[in-house]
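J.: Sharing upload.cif (mmCIF, C-alpha atoms) below.
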```cif
data_input
loop_
_atom_site.label_atom_id
_atom_site.label_comp_id
_atom_site.auth_asym_id
_atom_site.auth_seq_id
_atom_site.Cartn_x
_atom_site.Cartn_y
_atom_site.Cartn_z
CA MET A 1 -50.34 -31.00 55.55
CA ASP A 2 -51.76 -28.56 53.06
CA ALA A 3 -54.94 -29.52 51.27
CA GLN A 4 -53.40 -29.48 47.76
CA ASN A 5 -50.77 -32.12 48.59
CA VAL A 6 -53.32 -34.27 50.40
CA ASP A 7 -55.74 -34.12 47.47
CA MET A 8 -52.95 -35.03 45.03
CA PHE A 9 -51.98 -37.99 47.24
CA LEU A 10 -55.59 -39.15 47.37
CA MET A 11 -56.06 -38.75 43.62
CA ALA A 12 -52.91 -40.76 42.93
CA ASN A 13 -53.87 -43.55 45.35
CA SER A 14 -57.68 -43.58 45.19
CA LYS A 15 -57.77 -46.76 43.08
CA TYR A 16 -55.92 -48.63 45.85
CA LEU A 17 -58.20 -47.52 48.69
CA GLU A 18 -61.80 -47.98 49.83
CA GLY A 19 -64.00 -45.12 48.61
CA HIS A 20 -66.12 -44.85 51.75
CA GLN A 21 -63.04 -44.24 53.94
CA MET A 22 -61.74 -41.34 51.84
CA PHE A 23 -63.21 -38.55 53.94
CA GLN A 24 -61.76 -39.99 57.16
CA ILE A 25 -58.36 -40.55 55.49
CA ARG A 26 -58.35 -36.97 54.17
CA GLU A 27 -59.05 -35.58 57.63
CA ARG A 28 -56.17 -37.60 59.10
CA LEU A 29 -53.79 -36.60 56.29
CA LEU A 30 -54.59 -32.92 56.78
CA ALA A 31 -53.70 -33.25 60.45
CA MET A 32 -50.41 -35.01 59.69
CA ASP A 33 -46.99 -33.44 60.34
CA GLU A 34 -44.15 -33.12 57.78
CA PRO A 35 -41.87 -36.10 58.79
CA ASN A 36 -44.77 -38.59 58.84
CA TRP A 37 -46.02 -37.18 55.52
CA ARG A 38 -42.62 -37.86 53.92
CA MET A 39 -42.70 -41.44 55.21
CA LEU A 40 -46.15 -41.87 53.76
CA GLN A 41 -44.87 -40.99 50.26
CA PHE A 42 -42.83 -44.20 50.26
CA MET A 43 -45.73 -46.43 51.26
CA GLN A 44 -46.53 -49.05 48.65
CA PHE A 45 -50.00 -50.42 48.06
CA ASP A 46 -51.09 -53.63 46.33
CA ASP A 47 -52.76 -52.98 42.99
CA PRO A 48 -56.26 -54.56 43.01
CA VAL A 49 -56.08 -55.19 39.24
CA ILE A 50 -52.74 -57.04 39.53
CA ILE A 51 -54.10 -59.13 42.42
CA LEU A 52 -57.23 -59.92 40.36
CA ILE A 53 -55.08 -61.05 37.41
CA VAL A 54 -52.97 -63.21 39.75
CA SER A 55 -56.18 -64.63 41.22
CA LEU A 56 -57.58 -65.42 37.77
CA VAL A 57 -54.37 -67.07 36.58
CA THR A 58 -53.27 -68.95 39.70
CA GLY A 59 -56.64 -69.44 41.46
CA PRO A 60 -56.28 -72.81 43.26
CA LEU A 61 -52.62 -72.12 44.12
CA ALA A 62 -53.73 -69.21 46.37
CA VAL A 63 -50.90 -66.91 45.22
CA ASP A 64 -53.35 -63.98 45.48
CA ARG A 65 -53.91 -64.68 49.19
CA PHE A 66 -50.18 -65.07 49.84
CA MET A 67 -49.51 -61.73 48.11
CA LEU A 68 -52.07 -60.03 50.38
CA GLY A 69 -50.41 -61.52 53.48
CA ASP A 70 -53.26 -63.95 54.28
CA ILE A 71 -50.77 -66.79 54.75
CA GLY A 72 -52.98 -69.05 56.85
CA LEU A 73 -56.00 -68.69 54.59
CA GLY A 74 -53.69 -69.13 51.59
CA VAL A 75 -52.43 -72.46 52.92
CA ILE A 76 -56.01 -73.66 53.51
CA LYS A 77 -57.00 -72.53 50.00
CA LEU A 78 -53.95 -74.25 48.50
CA ILE A 79 -54.42 -77.63 50.19
CA THR A 80 -58.13 -77.75 49.33
CA CYS A 81 -57.75 -77.18 45.56
CA GLY A 82 -58.96 -73.59 45.97
CA GLY A 83 -61.72 -74.61 48.39
CA PHE A 84 -63.03 -77.21 45.88
CA GLY A 85 -63.02 -74.39 43.31
CA ILE A 86 -65.80 -72.51 45.11
CA TRP A 87 -63.52 -70.30 47.23
CA MET A 88 -61.51 -69.57 44.10
CA LEU A 89 -64.65 -68.34 42.27
CA VAL A 90 -65.68 -66.24 45.30
CA ASP A 91 -62.19 -64.71 45.41
CA TRP A 92 -62.41 -63.78 41.73
CA VAL A 93 -65.37 -61.55 42.67
CA MET A 94 -64.15 -60.37 46.09
CA ILE A 95 -60.38 -60.05 45.77
CA MET A 96 -60.31 -56.46 44.48
CA GLY A 97 -62.40 -55.29 47.43
CA ILE A 98 -60.27 -57.31 49.84
CA THR A 99 -57.11 -55.72 48.38
CA ARG A 100 -58.54 -52.21 48.82
CA ARG A 101 -59.55 -53.02 52.38
CA LYS A 102 -56.06 -54.33 53.18
CA ASN A 103 -54.49 -51.20 51.64
CA THR A 104 -56.81 -48.96 53.64
CA GLU A 105 -56.00 -50.84 56.86
CA LYS A 106 -52.28 -50.45 56.10
CA LEU A 107 -52.68 -46.71 55.54
CA MET A 108 -54.85 -46.32 58.65
CA MET A 109 -52.19 -48.06 60.74
CA ALA A 110 -49.63 -45.55 59.48
CA LEU A 111 -51.99 -42.65 60.17
CA TYR A 112 -52.93 -43.57 63.75
CA MET B 1 -63.62 -57.96 57.27
CA PRO B 2 -60.54 -58.53 59.43
CA LEU B 3 -60.05 -62.07 60.68
CA THR B 4 -61.17 -62.31 64.31
CA ARG B 5 -61.28 -65.32 66.62
CA ASN B 6 -65.00 -65.93 66.02
CA ARG B 7 -64.68 -65.54 62.25
CA LEU B 8 -61.74 -67.94 62.15
CA ASN B 9 -63.62 -70.49 64.30
CA LEU B 10 -66.70 -70.17 62.09
CA PHE B 11 -64.65 -70.46 58.90
CA LEU B 12 -62.72 -73.51 60.13
CA SER B 13 -65.93 -75.15 61.42
CA LEU B 14 -67.55 -74.71 58.02
CA ALA B 15 -64.40 -75.98 56.28
CA CYS B 16 -64.40 -79.10 58.49
CA LEU B 17 -68.14 -79.62 57.85
CA VAL B 18 -67.57 -79.40 54.10
CA GLY B 19 -64.61 -81.79 54.46
CA TYR B 20 -66.65 -84.35 56.41
CA GLY B 21 -69.56 -83.95 53.99
CA TRP B 22 -67.22 -84.53 51.07
CA LEU B 23 -65.73 -87.62 52.72
CA ALA B 24 -69.24 -88.95 53.42
CA LEU B 25 -70.15 -88.42 49.75
CA VAL B 26 -67.15 -90.33 48.43
CA SER B 27 -66.93 -92.91 51.24
CA ARG B 28 -68.76 -95.60 49.22
CA LEU B 29 -65.99 -95.45 46.59
CA LYS B 30 -62.51 -96.93 46.71
CA PRO B 31 -59.75 -94.28 47.04
CA GLU B 32 -58.47 -94.89 43.49
CA GLU B 33 -61.99 -94.35 42.03
CA VAL B 34 -62.50 -90.86 43.54
CA GLY B 35 -60.38 -88.93 41.03
CA SER B 36 -62.15 -90.34 37.99
CA LYS B 37 -65.66 -90.19 39.47
CA TYR B 38 -65.60 -86.71 41.04
CA ASP B 39 -63.33 -84.09 39.47
CA VAL B 40 -63.47 -81.00 41.69
CA CYS B 41 -60.08 -79.58 40.72
CA LEU B 42 -60.45 -76.89 38.05
CA ILE B 43 -56.75 -77.05 37.07
CA ARG B 44 -57.03 -80.79 36.34
CA HIS B 45 -60.43 -80.31 34.68
CA PHE B 46 -59.32 -77.62 32.25
CA ALA B 47 -55.51 -77.93 31.96
CA HIS B 48 -55.45 -81.74 32.38
CA ILE B 49 -52.61 -81.55 34.88
CA PRO B 50 -53.06 -82.18 38.61
CA CYS B 51 -52.67 -79.32 41.10
CA PRO B 52 -50.36 -79.62 44.17
CA SER B 53 -53.23 -80.84 46.35
CA CYS B 54 -54.84 -83.28 43.91
CA GLY B 55 -55.04 -86.74 45.48
CA SER B 56 -55.66 -85.36 48.99
CA THR B 57 -59.11 -86.97 49.22
CA ARG B 58 -57.67 -90.33 48.17
CA SER B 59 -54.86 -89.83 50.67
CA VAL B 60 -57.27 -89.05 53.53
CA MET B 61 -59.46 -92.05 52.56
CA SER B 62 -56.40 -94.31 52.57
CA LEU B 63 -55.43 -92.99 56.00
CA MET B 64 -58.98 -93.61 57.25
CA HIS B 65 -58.49 -97.26 56.25
CA GLY B 66 -55.14 -97.32 58.06
CA ASP B 67 -53.13 -97.42 54.82
CA LEU B 68 -50.22 -95.06 55.62
CA ALA B 69 -48.26 -95.97 52.45
CA GLY B 70 -51.34 -95.27 50.32
CA GLY B 71 -51.84 -91.96 52.11
CA LEU B 72 -48.25 -90.98 51.40
CA TYR B 73 -48.44 -92.12 47.77
CA TRP B 74 -51.64 -90.26 46.85
CA ASN B 75 -50.56 -86.97 48.43
CA PRO B 76 -48.48 -86.24 51.54
CA LEU B 77 -50.70 -83.17 52.15
CA GLY B 78 -53.41 -85.70 53.04
CA PHE B 79 -51.65 -86.20 56.39
CA VAL B 80 -52.04 -82.48 57.15
CA ILE B 81 -55.72 -82.48 56.13
CA PHE B 82 -56.41 -85.73 58.03
CA ALA B 83 -54.82 -84.32 61.20
CA ALA B 84 -56.65 -80.99 60.78
CA LEU B 85 -60.03 -82.69 60.31
CA ILE B 86 -59.54 -84.61 63.56
CA ILE B 87 -57.93 -81.92 65.71
CA ILE B 88 -59.74 -78.70 64.68
CA PRO B 89 -63.31 -79.62 65.84
CA PHE B 90 -61.97 -80.59 69.28
CA TRP B 91 -59.79 -77.47 69.44
CA ILE B 92 -62.69 -75.16 68.54
CA SER B 93 -64.94 -76.90 71.11
CA TYR B 94 -62.23 -76.52 73.77
CA ASP B 95 -61.87 -72.80 72.98
CA LEU B 96 -65.63 -72.21 72.97
CA ILE B 97 -66.26 -74.06 76.23
CA LEU B 98 -63.39 -72.45 78.12
CA LYS B 99 -63.80 -69.08 76.29
CA LYS B 100 -60.19 -69.13 75.10
CA ASP B 101 -58.52 -68.08 71.85
CA SER B 102 -55.73 -70.67 71.66
CA LEU B 103 -56.58 -71.74 68.08
CA PHE B 104 -56.64 -68.12 66.91
CA ARG B 105 -53.28 -67.47 68.56
CA PHE B 106 -51.84 -70.66 67.05
CA PHE B 107 -53.11 -69.53 63.63
CA GLY B 108 -51.27 -66.20 64.08
CA LEU B 109 -48.11 -68.01 65.18
CA PHE B 110 -48.37 -70.35 62.16
CA GLU B 111 -48.71 -67.34 59.82
CA ASN B 112 -45.74 -65.55 61.40
CA THR B 113 -43.59 -68.70 61.12
CA LEU B 114 -44.43 -69.02 57.43
CA ARG B 115 -43.52 -65.34 56.92
CA LYS B 116 -39.88 -66.13 57.79
CA LYS B 117 -37.95 -66.21 54.55
CA TRP B 118 -36.25 -69.60 54.93
CA VAL B 119 -39.47 -71.29 56.11
CA ALA B 120 -41.37 -69.79 53.18
CA ILE B 121 -38.71 -70.92 50.69
CA LEU B 122 -38.67 -74.44 52.18
CA ALA B 123 -42.49 -74.62 52.04
CA ILE B 124 -42.58 -73.41 48.42
CA VAL B 125 -39.89 -75.93 47.38
CA LEU B 126 -41.77 -78.78 49.11
CA ILE B 127 -45.07 -77.77 47.47
CA LEU B 128 -43.38 -77.54 44.03
CA LEU B 129 -41.73 -80.95 44.53
CA ASN B 130 -45.07 -82.40 45.57
CA TRP B 131 -46.68 -80.82 42.51
CA ALA B 132 -44.01 -82.30 40.24
CA TRP B 133 -44.53 -85.71 41.87
CA ASN B 134 -48.31 -85.36 41.34
CA ILE B 135 -47.75 -84.62 37.65
CA VAL B 136 -45.34 -87.60 37.26
CA LYS B 137 -47.82 -89.89 39.07
CA GLY B 138 -50.72 -88.49 37.02
CA VAL B 139 -53.11 -88.55 40.01
#
```
As a first step, turn the structure in this file into structure tokens.
T.:
Amino acid sequence: MDAQNVDMFLMANSKYLEGHQMFQIRERLLAMDEPNWRMLQFMQFDDPVIILIVSLVTGPLAVDRFMLGDIGLGVIKLITCGGFGIWMLVDWVMIMGITRRKNTEKLMMALY
Amino acid sequence: MPLTRNRLNLFLSLACLVGYGWLALVSRLKPEEVGSKYDVCLIRHFAHIPCPSCGSTRSVMSLMHGDLAGGLYWNPLGFVIFAALIIIPFWISYDLILKKDSLFRFFGLFENTLRKKWVAILAIVLILLNWAWNIVKGV
């Protein structure tokens, strides 16, 4: 794909992705062909801010983990009152990074 | 960090250790005294309503004393936790000794089963019913 489109895609989605992977993602996007590029436009990412708000509001219920697809961990968090509250507090700090990592993994899977 | 077999085993081992430590801490109390003496649930602490898993410790303690009715009354999720606390250490040991990943594969299968729409809806309804029961009981 041409560099302008790739840069626009990255600018629009940078808040959803891990910063340190950007260079690698850009290289892969530049090497991408037209049909795959079109498919990529419809890819939806989880918003780290929304997940953080969900985590803050519904902490011990593990809705944040379920939204990210961590079903097993979500069940464990749910049946332990948010890991006695400690896991919930850790997730409040970590969940935005975890969301970005999950989004980056999802994009990488589509790219490779 | 993606969840690998070793990370899952480590996480579940730590969770079991914390669970056993917690049970050792509260073991000198009667099940009905735990909720008033140690309040670890932030929802109950701040919102004054129990969460879906409140009463699990009392349930597990009742089950440890062979009181199945008590275990069911305090929180049916206690059965799941009780079974997990017994089975998981043996399962992890089995996997480590024989260098297998059966627990990790079971965990993946469990996640995929819960991803099915009707299973997820059933699980959510059961959890909500349990939550409502917890609120009515005032555990």
J.: Check every residue of chain B for an atom within 9 Å of chain A, counting all atoms listed in the file, and provide those that qualify as a list in words.
T.: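 Here is what falls inside 9 Å: Met1, Pro2, Ala15, Val40, Cys41, Leu42, Ile43, Cys51, Pro52, Ser53, Cys54, Ser56, Leu77, Gly78, Val80, Ile81, Phe107, Gly108, Phe110, Glu111, Asn112, Leu114 and Arg115 of chain B.
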J.: So which residues get picked by the PyMOL selection byres ((chain B and resi 20) around 12) here, written as a count of residues only?
T.: 23
J.: Report the distance between atom CA of Ser14 of chain A and atom CA of Ile53 of chain A in Å, rounded to one decimal place.
T.: 19.3 Å
J.: If I take atom CA of Arg26 of chain A and atom CA of Phe9 of chain A, how far is one from the other in Å, to one decimal?
T.: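 A separation of 9.5 Å between them.
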J.: What gap, in Å, lies between atom CA of Ile121 of chain B and atom CA of Ser102 of chain B?
T.: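 Atom CA of Ser102 of chain B lies 27.0 Å from atom CA of Ile121 of chain B.
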J.: On this structure, the PyMOL selection byres ((chain A and resi 40) around 12) would catch which residues? List them as a ChimeraX atom specification, sorted by chain and number.
T.: /A:1,5-6,9-10,13,29,32-39,41-45,106-111
J.: Counting only C-alpha atoms, which residue out of A:Ala3, A:Arg100, A:Pro48, A:Tyr112 sits closest to Gln21 of chain A?
T.: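 Closest to Gln21 of chain A, using only C-alpha atoms: A:Arg100.
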J.: Please tell me which residues are no farther than 8 Å from (-55.0, -58.2, 45.6) in the file, counting all atoms listed in the file, and write them as a compact mmCIF listing (two decimals) with C-alpha atoms, keeping the file's coordinate frame.
T.:
```
# COMPACT_ATOMS: atom_id res chain seq x y z
CA ASP A 46 -51.09 -53.63 46.33
CA ASP A 47 -52.76 -52.98 42.99
CA PRO A 48 -56.26 -54.56 43.01
CA VAL A 49 -56.08 -55.19 39.24
CA ILE A 50 -52.74 -57.04 39.53
CA ILE A 51 -54.10 -59.13 42.42
CA LEU A 52 -57.23 -59.92 40.36
CA VAL A 54 -52.97 -63.21 39.75
CA SER A 55 -56.18 -64.63 41.22
CA ASP A 64 -53.35 -63.98 45.48
CA ARG A 65 -53.91 -64.68 49.19
CA MET A 67 -49.51 -61.73 48.11
CA LEU A 68 -52.07 -60.03 50.38
CA ILE A 95 -60.38 -60.05 45.77
CA MET A 96 -60.31 -56.46 44.48
CA ILE A 98 -60.27 -57.31 49.84
CA THR A 99 -57.11 -55.72 48.38
CA ARG A 100 -58.54 -52.21 48.82
```
J.: I'd like to know which of B:Ala83, B:Leu122, B:Met64, B:Ile92 is closest to Pro31 of chain B, using all atoms listed in the file.
T.: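 Under the stated criterion, the closest residue is B:Met64.
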J.: Find the residue from A:Val57, A:Gly97, A:Gly19, A:Leu30 that sits nearest to Asp7 of chain A; use only C-alpha atoms when measuring.
T.: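 Of A:Val57, A:Gly97, A:Gly19, A:Leu30, the one nearest Asp7 of chain A is A:Leu30, counting only C-alpha atoms.
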J.: Rebuild segment 87-98 of chain A to N, CA, C and O atoms - output it as a PDB file, in the frame of the given file, please.
T.:
```
ATOM      1  N   TRP A  87     -64.226 -71.438  46.614  1.00  0.00           N
ATOM      2  CA  TRP A  87     -63.520 -70.300  47.230  1.00  0.00           C
ATOM      3  C   TRP A  87     -62.796 -69.501  46.145  1.00  0.00           C
ATOM      4  O   TRP A  87     -62.772 -68.269  46.157  1.00  0.00           O
ATOM      5  N   MET A  88     -62.224 -70.227  45.192  1.00  0.00           N
ATOM      6  CA  MET A  88     -61.510 -69.570  44.100  1.00  0.00           C
ATOM      7  C   MET A  88     -62.459 -68.641  43.315  1.00  0.00           C
ATOM      8  O   MET A  88     -62.115 -67.490  43.013  1.00  0.00           O
ATOM      9  N   LEU A  89     -63.659 -69.150  43.011  1.00  0.00           N
ATOM     10  CA  LEU A  89     -64.650 -68.340  42.270  1.00  0.00           C
ATOM     11  C   LEU A  89     -65.084 -67.133  43.106  1.00  0.00           C
ATOM     12  O   LEU A  89     -65.229 -66.034  42.582  1.00  0.00           O
ATOM     13  N   VAL A  90     -65.285 -67.350  44.409  1.00  0.00           N
ATOM     14  CA  VAL A  90     -65.680 -66.240  45.300  1.00  0.00           C
ATOM     15  C   VAL A  90     -64.568 -65.188  45.322  1.00  0.00           C
ATOM     16  O   VAL A  90     -64.840 -63.987  45.242  1.00  0.00           O
ATOM     17  N   ASP A  91     -63.317 -65.652  45.383  1.00  0.00           N
ATOM     18  CA  ASP A  91     -62.190 -64.710  45.410  1.00  0.00           C
ATOM     19  C   ASP A  91     -62.079 -63.910  44.116  1.00  0.00           C
ATOM     20  O   ASP A  91     -61.663 -62.748  44.139  1.00  0.00           O
ATOM     21  N   TRP A  92     -62.447 -64.523  43.004  1.00  0.00           N
ATOM     22  CA  TRP A  92     -62.410 -63.780  41.730  1.00  0.00           C
ATOM     23  C   TRP A  92     -63.299 -62.536  41.819  1.00  0.00           C
ATOM     24  O   TRP A  92     -62.986 -61.496  41.259  1.00  0.00           O
ATOM     25  N   VAL A  93     -64.429 -62.673  42.536  1.00  0.00           N
ATOM     26  CA  VAL A  93     -65.370 -61.550  42.670  1.00  0.00           C
ATOM     27  C   VAL A  93     -64.910 -60.590  43.774  1.00  0.00           C
ATOM     28  O   VAL A  93     -65.001 -59.380  43.639  1.00  0.00           O
ATOM     29  N   MET A  94     -64.391 -61.159  44.875  1.00  0.00           N
ATOM     30  CA  MET A  94     -64.150 -60.370  46.090  1.00  0.00           C
ATOM     31  C   MET A  94     -62.741 -59.784  46.192  1.00  0.00           C
ATOM     32  O   MET A  94     -62.521 -58.855  46.973  1.00  0.00           O
ATOM     33  N   ILE A  95     -61.784 -60.336  45.452  1.00  0.00           N
ATOM     34  CA  ILE A  95     -60.380 -60.050  45.770  1.00  0.00           C
ATOM     35  C   ILE A  95     -60.003 -58.574  45.596  1.00  0.00           C
ATOM     36  O   ILE A  95     -59.155 -58.069  46.346  1.00  0.00           O
ATOM     37  N   MET A  96     -60.639 -57.879  44.653  1.00  0.00           N
ATOM     38  CA  MET A  96     -60.310 -56.460  44.480  1.00  0.00           C
ATOM     39  C   MET A  96     -60.741 -55.649  45.711  1.00  0.00           C
ATOM     40  O   MET A  96     -59.992 -54.792  46.188  1.00  0.00           O
ATOM     41  N   GLY A  97     -61.916 -55.957  46.220  1.00  0.00           N
ATOM     42  CA  GLY A  97     -62.400 -55.290  47.430  1.00  0.00           C
ATOM     43  C   GLY A  97     -61.529 -55.621  48.634  1.00  0.00           C
ATOM     44  O   GLY A  97     -61.231 -54.742  49.453  1.00  0.00           O
ATOM     45  N   ILE A  98     -61.124 -56.890  48.715  1.00  0.00           N
ATOM     46  CA  ILE A  98     -60.270 -57.310  49.840  1.00  0.00           C
ATOM     47  C   ILE A  98     -58.930 -56.578  49.766  1.00  0.00           C
ATOM     48  O   ILE A  98     -58.403 -56.118  50.783  1.00  0.00           O
TER      49      ILE A  98
END
```
